[in-house]
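*Asks:* Sending over a structure as structure tokens; questions will come in a sec.
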Amino acid sequence: MKVRNCSRCGKIYAYDGFNICIKCRREEEEEFKKVKEYLRENPGANVAEVSEETGVEAKRIIEFLKQGRLEIKDEHNILLTCERCGTSIRTGRFCDKCTIEMTREFKQSIGGGKDPKSVSNGRAKERIRVTDKYKKR
Ligand SMILES: [Zn+2]
Ligand SMILES: [Zn+2]
């Protein structure tokens, strides 16, 4: 059995595949429920409001957003940015465009591994670059 320090409360716990201990996980689950409940009743609420009303730290709410477990509807309240291109997103870690592109690139790299035709890979990359330039204009 592995033992780790909980990344949330710092206490030692029996590692079972999660970064935080069971106690913190339960607490986090409670917080998540509160936030989710509040957002269901107040769909337009922003992070500051939710934090104030539920007593859950804004930091935690943003954490939930990054995990893609929550989505804040208000367009003026975008706190997250795509980790790949930096565009504003409402939930998760990447924007829709990058998610699609990464899935495509991932599939290509698998295909490229099986078939040693590096030429076709180069061509595909070229195409993506051209499309990006076109979209920026
Ligand atoms: Zn803990
Ligand atoms: Zn992106």
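Within each chain, counting starts at residue 1; across the structure tokens, chains are named A, B, ... in the order shown, with ligands numbered 1 upward in that order.
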What's the 7 Å shell around Ala58 in chain A, counting only C-alpha atoms, without same-chain residues fewer than 5 positions away, as a list in words?

*Replies:*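 Residues meeting the cut-off are Val47, Ala48 and Ser51 of chain A.
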
*Asks:* Take the residues from that selection and put them in a file with C-alpha atoms, as a compact mmCIF listing (two decimals), in the first residue's frame.

*Replies:*
# COMPACT_ATOMS: atom_id res chain seq x y z
CA VAL A 47 -17.92 32.74 -9.59
CA ALA A 48 -17.84 35.51 -6.96
CA SER A 51 -18.54 31.56 -3.80

*Asks:* Within 8 Å of ligand 2, which residues show up when you count only C-alpha atoms and all ligand atoms? List them as a PDB file with C-alpha atoms, in the first residue's frame, please.

*Replies:*
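Generated output (out.pdb):
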ATOM      1  CA  THR A  81      -8.341  30.088 -21.216  1.00  0.00           C
ATOM      2  CA  CYS A  82      -7.457  27.307 -23.611  1.00  0.00           C
ATOM      3  CA  GLU A  83      -4.104  25.846 -22.583  1.00  0.00           C
ATOM      4  CA  ARG A  84      -3.167  25.452 -26.234  1.00  0.00           C
ATOM      5  CA  CYS A  85      -4.160  28.654 -28.016  1.00  0.00           C
ATOM      6  CA  GLY A  86      -5.153  30.961 -25.147  1.00  0.00           C
ATOM      7  CA  THR A  87      -8.691  31.667 -26.313  1.00  0.00           C
ATOM      8  CA  PHE A  94      -9.046  23.404 -24.222  1.00  0.00           C
ATOM      9  CA  CYS A  95     -11.329  25.192 -26.663  1.00  0.00           C
ATOM     10  CA  ASP A  96     -13.509  23.200 -29.077  1.00  0.00           C
ATOM     11  CA  LYS A  97     -11.239  23.973 -32.013  1.00  0.00           C
ATOM     12  CA  CYS A  98      -8.118  22.724 -30.236  1.00  0.00           C
ATOM     13  CA  THR A  99      -9.923  19.637 -28.953  1.00  0.00           C
TER      14      THR A  99
END

*Asks:* May I have the residues within 12 Å of ligand 1, computed using only C-alpha atoms and all ligand atoms, as a list in words?

*Replies:*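 Written in the requested form, the residues are Arg4, Asn5, Cys6, Ser7, Arg8, Cys9, Gly10, Lys11, Ile12, Tyr13, Ala14, Tyr15, Phe18, Asn19, Ile20, Cys21, Ile22, Lys23, Cys24, Arg25, Arg26, Glu27 and Glu28 of chain A.
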
*Asks:* Print the selection's residues with C-alpha atoms to a file, as a short mmCIF file (atom, residue, chain, number, x, y, z; two decimals), in the first residue's frame.

*Replies:*
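The resulting result_39.cif:
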data_model
loop_
_atom_site.label_atom_id
_atom_site.label_comp_id
_atom_site.auth_asym_id
_atom_site.auth_seq_id
_atom_site.Cartn_x
_atom_site.Cartn_y
_atom_site.Cartn_z
CA ARG A 4 1.05 9.94 0.09
CA ASN A 5 0.55 13.46 1.32
CA CYS A 6 -2.87 14.84 0.46
CA SER A 7 -2.43 17.74 -1.98
CA ARG A 8 -5.33 19.54 -0.33
CA CYS A 9 -4.90 19.19 3.46
CA GLY A 10 -1.31 17.90 3.48
CA LYS A 11 -2.05 14.90 5.68
CA ILE A 12 -0.72 11.43 4.98
CA TYR A 13 -3.22 9.00 3.51
CA ALA A 14 -3.32 5.62 1.78
CA TYR A 15 -2.98 6.39 -1.91
CA PHE A 18 -6.58 10.10 -6.22
CA ASN A 19 -4.41 13.11 -5.40
CA ILE A 20 -6.37 13.94 -2.28
CA CYS A 21 -7.39 11.94 0.78
CA ILE A 22 -10.82 10.39 1.32
CA LYS A 23 -11.83 13.06 3.83
CA CYS A 24 -10.98 15.87 1.40
CA ARG A 25 -12.68 14.03 -1.42
CA ARG A 26 -15.89 13.89 0.59
CA GLU A 27 -15.58 17.58 1.43
CA GLU A 28 -14.95 18.40 -2.20
#

*Asks:* Could the residues of range 48-116 of chain A that have an atom at most 12 Å from range 30-37 of chain A be listed as JSON lines, each with its closest atom pair and the distance in Å to one decimal, counting only C-alpha atoms and ordered by chain and ascending residue number?

*Replies:*
{"residue": "A:Ala48", "atom": "CA", "partner": "A:Val35", "partner_atom": "CA", "distance": 11.6}
{"residue": "A:Glu49", "atom": "CA", "partner": "A:Val35", "partner_atom": "CA", "distance": 10.4}
{"residue": "A:Val50", "atom": "CA", "partner": "A:Val35", "partner_atom": "CA", "distance": 6.6}
{"residue": "A:Ser51", "atom": "CA", "partner": "A:Val35", "partner_atom": "CA", "distance": 8.0}
{"residue": "A:Glu52", "atom": "CA", "partner": "A:Val35", "partner_atom": "CA", "distance": 10.5}
{"residue": "A:Glu53", "atom": "CA", "partner": "A:Val35", "partner_atom": "CA", "distance": 8.9}
{"residue": "A:Thr54", "atom": "CA", "partner": "A:Lys34", "partner_atom": "CA", "distance": 6.2}
{"residue": "A:Gly55", "atom": "CA", "partner": "A:Glu31", "partner_atom": "CA", "distance": 8.5}
{"residue": "A:Val56", "atom": "CA", "partner": "A:Glu31", "partner_atom": "CA", "distance": 6.2}
{"residue": "A:Glu57", "atom": "CA", "partner": "A:Glu31", "partner_atom": "CA", "distance": 9.1}
{"residue": "A:Ala58", "atom": "CA", "partner": "A:Val35", "partner_atom": "CA", "distance": 10.4}
{"residue": "A:Lys59", "atom": "CA", "partner": "A:Glu31", "partner_atom": "CA", "distance": 11.8}
{"residue": "A:Arg60", "atom": "CA", "partner": "A:Glu31", "partner_atom": "CA", "distance": 8.4}
{"residue": "A:Ile61", "atom": "CA", "partner": "A:Val35", "partner_atom": "CA", "distance": 7.6}
{"residue": "A:Ile62", "atom": "CA", "partner": "A:Val35", "partner_atom": "CA", "distance": 11.0}
{"residue": "A:Glu63", "atom": "CA", "partner": "A:Phe32", "partner_atom": "CA", "distance": 10.2}
{"residue": "A:Phe64", "atom": "CA", "partner": "A:Phe32", "partner_atom": "CA", "distance": 7.5}
{"residue": "A:Leu65", "atom": "CA", "partner": "A:Phe32", "partner_atom": "CA", "distance": 10.5}
{"residue": "A:Gln67", "atom": "CA", "partner": "A:Phe32", "partner_atom": "CA", "distance": 11.5}
{"residue": "A:Arg69", "atom": "CA", "partner": "A:Phe32", "partner_atom": "CA", "distance": 8.8}
{"residue": "A:Leu70", "atom": "CA", "partner": "A:Lys36", "partner_atom": "CA", "distance": 7.3}
{"residue": "A:Glu71", "atom": "CA", "partner": "A:Lys36", "partner_atom": "CA", "distance": 9.3}
{"residue": "A:Ile72", "atom": "CA", "partner": "A:Lys36", "partner_atom": "CA", "distance": 10.2}

*Asks:* Using DSSP on the backbone coordinates, identify the residues of range 16-57 of chain A assigned to alpha helix (DSSP H); present them as a PyMOL selection string.

*Replies:* chain A and resi 22-41+47-54

*Asks:* Quick check, in Å to one decimal: how far apart do CA of Gln108 in chain A and CA of Arg90 in chain A lie?

*Replies:*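 Distance between the two atoms: 27.8 Å.
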
*Asks:* I'd like the interatomic distance between CA of Glu101 in chain A and CA of Lys66 in chain A, to a tenth of an Å.

*Replies:*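 Taking CA of Glu101 in chain A as the start and CA of Lys66 in chain A as the end point, the length is 19.4 Å.
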
*Asks:* Counting only C-alpha atoms, which residue out of A:Thr91, A:Asn42, A:Ser109, A:Thr103 sits closest to Leu79 in chain A?

*Replies:*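 Among A:Thr91, A:Asn42, A:Ser109, A:Thr103, it is A:Thr91 that comes nearest to Leu79 in chain A.
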
*Asks:* Separation of CA of Lys107 in chain A and CA of Leu80 in chain A, in Å?

*Replies:*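 Pair CA of Lys107 in chain A / CA of Leu80 in chain A returns 26.6 Å.
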